[in-house]
6 protein chains.
Amino acid sequence: MKILLANPNATQAITEACRELAHRAASPGTEVIAWTNREGPPIVNSFYADYAAGRALSLALPRVAPPPDAVVLAGFGNYGTAAVKEVMEVPVVNIAEAALAFALPFCHRFAVVTAPARMVPYTQDLIALLGVAGRCAAVHAVNLPPLDEAEPSPGSALTAIVTAVERVIAENGADLVVLGGARLSPYAARLRDRVGVPIVEPVACGVQLAEAAVRLRLRQSKAVKFAAPPGLREGGDTWR
Amino acid sequence: MKILLANPNATQAITEACRELAHRAASPGTEVIAWTNREGPPIVNSFYADYAAGRALSLALPRVAPPPDAVVLAGFGNYGTAAVKEVMEVPVVNIAEAALAFALPFCHRFAVVTAPARMVPYTQDLIALLGVAGRCAAVHAVNLPPLDEAEPSPGSALTAIVTAVERVIAENGADLVVLGGARLSPYAARLRDRVGVPIVEPVACGVQLAEAAVRLRLRQSKAVKFAAPPGLREGGDTWR
Amino acid sequence: MKILLANPNATQAITEACRELAHRAASPGTEVIAWTNREGPPIVNSFYADYAAGRALSLALPRVAPPPDAVVLAGFGNYGTAAVKEVMEVPVVNIAEAALAFALPFCHRFAVVTAPARMVPYTQDLIALLGVAGRCAAVHAVNLPPLDEAEPSPGSALTAIVTAVERVIAENGADLVVLGGARLSPYAARLRDRVGVPIVEPVACGVQLAEAAVRLRLRQSKAVKFAAPPGLREGGDTWR
Amino acid sequence: MKILLANPNATQAITEACRELAHRAASPGTEVIAWTNREGPPIVNSFYADYAAGRALSLALPRVAPPPDAVVLAGFGNYGTAAVKEVMEVPVVNIAEAALAFALPFCHRFAVVTAPARMVPYTQDLIALLGVAGRCAAVHAVNLPPLDEAEPSPGSALTAIVTAVERVIAENGADLVVLGGARLSPYAARLRDRVGVPIVEPVACGVQLAEAAVRLRLRQSKAVKFAAPPGLREGGDTWR
Amino acid sequence: MKILLANPNATQAITEACRELAHRAASPGTEVIAWTNREGPPIVNSFYADYAAGRALSLALPRVAPPPDAVVLAGFGNYGTAAVKEVMEVPVVNIAEAALAFALPFCHRFAVVTAPARMVPYTQDLIALLGVAGRCAAVHAVNLPPLDEAEPSPGSALTAIVTAVERVIAENGADLVVLGGARLSPYAARLRDRVGVPIVEPVACGVQLAEAAVRLRLRQSKAVKFAAPPGLREGGDTWR
Amino acid sequence: MKILLANPNATQAITEACRELAHRAASPGTEVIAWTNREGPPIVNSFYADYAAGRALSLALPRVAPPPDAVVLAGFGNYGTAAVKEVMEVPVVNIAEAALAFALPFCHRFAVVTAPARMVPYTQDLIALLGVAGRCAAVHAVNLPPLDEAEPSPGSALTAIVTAVERVIAENGADLVVLGGARLSPYAARLRDRVGVPIVEPVACGVQLAEAAVRLRLRQSKAVKFAAPPGLREGGDTWR
């Protein structure tokens, strides 16, 4: 099957990092087609960028040809996920949804570690929207430098993330941690060696959930909420 | 004071209808400047249109010159309200937020009547995001013809709305009704003559709340969630 | 318009302080009539005092002549607000309701700072009753000396309040703070110079919300909950 | 032990009916002292009457001499229960609290049947305040004539109540019903013959819970919320 | 009346300790018959042990002859309480349910102290199942040595428990503490001398609630959830 | 990989039906080993049977040799899932958890159809325990004859299920339906031809989630809640 791995932002390096994570998670026979939202923002780090990303995504994804068997939205956020579910006829899975869906059966209470601090309210709203806030022990930010600054030594970033993870375990009672952002996903493997709880890496969850949806012939309900937008034409807005 | 009344969609006739409602609600000394989101969709009747509206709004509003004293977002929905709060330094009020804020002190449980049916889940998500779902008795859709069809006789539309309002009162225990959409607002006055509960018309609430915010020097907290997006330049995206 | 600003307690000095705050918040053309609940307790600092205040208020306010256009209940509490809404035909706004209604559109999560410590559970019950507990980051008490003791130096009280505000921001994730009591309101302006989040002063919100209600012809729903008490006579209880 | 059974309203006939119910529920060795709130309203059928009742109760009960071992507040409502808990040093039990506490272990979801219709919002607020709304299937009103009208034939009232009970079972999934008011309690025994779910009569629960509290030396926590009101003097308000 | 006090685990010493607590709490005329779940686990300290206990309980209790007037399940947990309610025709009361039911009227927010740490999630699930999580300030574990190790000096265990109780009061705002486990119950009296909030000992609550249920002729609703299991035969499973 | 498909009840015919569903859902390379809980009840249709099933499961599954790569618990219920997660070192997935996890990303609000009526409260408790009740529109029972009676004509059963599904869509606003029980799963394909919303069949979801967990090296957190029971020996209870 063909899965379109859609990076909601325009940064090619993030697409590549996600492609790598997705590739490792994909089953034999699954072709992962990494796609960059070129009209989107360089990173989704605000509601402003969220809308920029979602507008571009919901315009561009229906035009991808040939259509994939499923779409994985490879950003830990909202950025128009419901809009994409409306405009697409194939299953659409957001990696945040996938990560939280996969976390629920395997924990008492999960925590999400994210960056930067301004994404904490954004992430809390997302978790509430998904209806799983009752299982969320905490959303905690870790300080990482902006993307366009020199990367700190990997060791110091890892130390910062480990500290955040240990804090949500000890102080908030989390027994599973979800990595809430593309900045954090690459640290998943090293984190697993350092902490005693499952670390959920969302890109891999997204790929697995998309594969499962295709196999189960399951997609977003087109009955009401995710029905095609009124009057949408092939190729874009009806009103243009 | 100058209040920018921003219609999130591109339909001039709706802007005019909102302007009329706003004008009647404004205090002496308040200048209401009606503004149409020309780059937005003709109506926000899907998540797809929501993102189209929000993207255009968050690009265009910061460029309005001279800047108003406050912005009223004149659509009953989300359409990037948080993004607009990020990009603006003046108070930004969404009429749905305003209507629900004004409803709380005056009812036991409110209902929202909306149209069309597909907006029910959209509206439920909005109410949950605002944190007031515990006070919401029901979101109920009323069938109205699409905007681009011939308008039914006003009497038949009014009858349909009255029926919906009576139902949420009798079956769901609502004792106040919020009109959730531009299609419904013009019926407010006639509804008040027909039903025994307060009818909240959101455009008027938005104007009043914006005036109050200006007088109280209150605006969205710029501390975290609504801080200016990282690197936003005057006039639009930093990344373009 | 004439707004009756009803201090639920019997302390004239508090009435005066509220009158001052209300006066500054009122629009041109609004006449604020400050009123003291002479049969009430000196301060509402317990449920016992809450009932003393509410009983006296709900007896006295209907007898105020000529009737005002709206009533603002100028205490951050409950003290029979629903009873007053029942007995009055004009809009009745409690300043706590008003402050929370105005806080919602402008924050992610609000905190309430109150005094003394015993008012924390009282205030938590109030916030839950209003249905907005999901948006409340914390209710935090600040230690202030009793009213009848010598006032501490204003500087030391301000320092205590600043400390409390900074704590709810840093530890509880609040990005807006509501001043929950007449003891705290006078510090609003100085607080705004010291902390980086909006400070909501409830008396001003109450005045603005009452003005808005009058302009919008909105009042408490008289359909069920706030319908006139069975058999209430003009001038007081039917049963006396 | 001596239990003061305090009728929050001034109607002697209701006191007598409660006394009868309490007497049957009391253990050997328990003396039930029925007490009427002579300064209260004839019935608590509004928030206005609630405050009238609570104010009078919280003034009068501390003066009852000799003090009882426990107080049972014999009305299904709030009417200043927290205020009474503050002013009393002995355990204070409201029959609504008692009924709901006793309902929880014995059902999946309880319903409350009350009268008249205006008490539905009042009762919903009460259940939410007690923190057990998640277990409440419905609050349903039954039409009974006002107290001061001629009583309908007992059979017709019973039929109305049975209909209400059957409705909350069939439509709302309740598997236990609490009788929410003095008007309904006398029908408990006959209801049990007619419907297939437990019927909880609150006065009896109140007596049993008060007895249990005395035996267990349990009373309301005087640590914060129910601590004695600041400066309360023996015999009443400090400020008079 | 005869109350069967059923220890869900197989440890006779715990049965004896519970018998002692129950004996002190029982009213004159109540015969407490202590019973040990000999086929159960030595202690319920895991979900695994919970199911071992519940399976054995639900097989054995219906065979107890002559049947008691009520059953008190003397462990602070779940361990098949609903199953026992199904198989028994007499009232069945779990001491956790009883303790929480008795805590509600006497506090603002309760905390549960339990041991060991792994029982915190177990206890949180239990409190949520009972529908009273909104009143729960915290579940906090105290470190006590395993049952089969040498008991620490009573003084050091008491100190550990006092520390835990003081923490939930100061940090979590609890104003009443429930002792969540057989290891903790014996410290109830000494705790009451040391801390300023009510300490609820569950075994005593269970006895009192069972007595009350018998007197009130109240038992679990047999309408749906707790109806006899389909086809259950006297003496055990139908399928064996 | 080898997945143990554990039927929690002892009915071989149900095991076979589940095996068939699982086989169709499994990926190439996945070996599904169907296993019957021979010491369990014939069906889990009560809390009593739930504990019988869970006790037997948690004793037997650790002894399965060689150990599988993952366990799928093939019943729509609880029956000791947490206990099995404690005793197993490999990922354990309950099909109810899996079905609800897969439902969340694809709907606004899901409904569960179950049978018989007594399983409605059982299922509501399960959904609440999983923390997703906020997304649940309804749990609705469909009348199907007991397993041991003659099966109705498949057409009449299908009609009954279709009626139930249409009801939760029209009256409760569900836009996706989960089949909550082994009796209902075989109708999934025919239902999909009849109704306009996604039908989630849990056995297939369980297989897919288990496969994903193995691929992602994800299992239940062994940190606290699902840590191995204290002192559990290989082969069963430590205390025997």
# chains A, B, ... in the order shown; residues from 1 in each chain; ligands from 1

call {"tool": "residues_around", "arguments": {"residues": "Ala10 (chain B)", "least_positions_apart": "5", "cutoff": "6 Å", "atoms": "only C-alpha atoms", "output": "ChimeraX atom specification"}}
result
/B:36-38,40-42

call {"tool": "select_by_dssp", "arguments": {"residues": "region 2-240 of chain E", "states": "strand (DSSP E)", "output": "PyMOL selection string"}}
result
chain E and resi 2-7+31-36+70-73+92-94+110-114+136-141+176-180+199-200

call {"tool": "closest_atom_pairs", "arguments": {"of": "chain A", "to": "chain F", "cutoff": "9 Å", "atoms": "only C-alpha atoms", "output": "Markdown table"}}
result
| residue | atom | partner | partner_atom | distance |
| --- | --- | --- | --- | --- |
| A:Ala25 | CA | F:Leu216 | CA | 6.9 |
| A:Ala26 | CA | F:Arg215 | CA | 8.7 |
| A:Ser27 | CA | F:Arg215 | CA | 8.4 |
| A:Lys85 | CA | F:Phe106 | CA | 8.7 |
| A:Pro91 | CA | F:Phe106 | CA | 8.1 |
| A:Val92 | CA | F:Phe106 | CA | 8.2 |
| A:Val93 | CA | F:Pro105 | CA | 6.8 |
| A:Asn94 | CA | F:Pro105 | CA | 7.9 |
| A:Glu97 | CA | F:Pro105 | CA | 6.0 |
| A:Ala98 | CA | F:Pro105 | CA | 7.4 |
| A:Leu100 | CA | F:Ala101 | CA | 8.3 |
| A:Ala101 | CA | F:Ala101 | CA | 4.7 |
| A:Phe102 | CA | F:Ala101 | CA | 6.8 |
| A:Ala103 | CA | F:Gln220 | CA | 8.8 |
| A:Leu104 | CA | F:Ala101 | CA | 7.3 |
| A:Pro105 | CA | F:Glu97 | CA | 6.0 |
| A:Phe106 | CA | F:Gln220 | CA | 3.8 |
| A:Cys107 | CA | F:Ser221 | CA | 5.5 |
| A:His108 | CA | F:Lys225 | CA | 6.6 |
| A:Leu130 | CA | F:Leu104 | CA | 7.4 |
| A:Gly131 | CA | F:Gly134 | CA | 5.7 |
| A:Val132 | CA | F:Val132 | CA | 5.9 |
| A:Ala133 | CA | F:Gly131 | CA | 8.0 |
| A:Gly134 | CA | F:Gly131 | CA | 5.8 |
| A:Arg135 | CA | F:Gly131 | CA | 5.9 |
| A:Asp175 | CA | F:Ser221 | CA | 6.2 |
| A:Leu176 | CA | F:Ser221 | CA | 6.4 |
| A:Gly196 | CA | F:Ala223 | CA | 6.5 |
| A:Val197 | CA | F:Ser221 | CA | 5.8 |
| A:Pro198 | CA | F:Ser221 | CA | 5.9 |
| A:Ile199 | CA | F:Leu218 | CA | 8.1 |
| A:Val200 | CA | F:Leu218 | CA | 7.7 |
| A:Glu201 | CA | F:Leu216 | CA | 8.8 |
| A:Ala204 | CA | F:Leu216 | CA | 7.2 |
| A:Cys205 | CA | F:Leu216 | CA | 7.7 |
| A:Gln208 | CA | F:Ala212 | CA | 5.8 |
| A:Leu209 | CA | F:Ala212 | CA | 7.8 |
| A:Glu211 | CA | F:Gln208 | CA | 8.8 |
| A:Ala212 | CA | F:Gln208 | CA | 5.8 |
| A:Ala213 | CA | F:Phe102 | CA | 8.2 |
| A:Arg215 | CA | F:Ala25 | CA | 7.1 |
| A:Leu216 | CA | F:Ala25 | CA | 6.9 |
| A:Leu218 | CA | F:Pro198 | CA | 6.7 |
| A:Arg219 | CA | F:Phe106 | CA | 5.9 |
| A:Gln220 | CA | F:Phe106 | CA | 3.8 |
| A:Ser221 | CA | F:Cys107 | CA | 5.5 |
| A:Lys222 | CA | F:Val197 | CA | 7.1 |
| A:Ala223 | CA | F:Val197 | CA | 6.0 |
| A:Val224 | CA | F:Asp175 | CA | 7.1 |
| A:Lys225 | CA | F:His108 | CA | 6.6 |
| A:Phe226 | CA | F:Cys107 | CA | 8.1 |

call {"tool": "select_by_dssp", "arguments": {"residues": "region 52-220 of chain B", "states": "helix (DSSP H, G or I)", "output": "PyMOL selection string"}}
result
chain B and resi 52-63+81-87+95-106+119-130+133-135+154-172+185-194+202-216

call {"tool": "residues_around", "arguments": {"residues": "Tyr51 (chain C)", "least_positions_apart": "4", "cutoff": "8 Å", "atoms": "only C-alpha atoms", "output": "PyMOL selection string"}}
result
(chain C and resi 47+55+79-80) or (chain D and resi 51+54-55+80+83)

call {"tool": "residues_around", "arguments": {"residues": "Ile14 (chain B)", "least_positions_apart": "2", "cutoff": "10 Å", "atoms": "only C-alpha atoms", "output": "PyMOL selection string"}}
result
chain B and resi 7-12+16-20+36+42-43+74-75+182-183
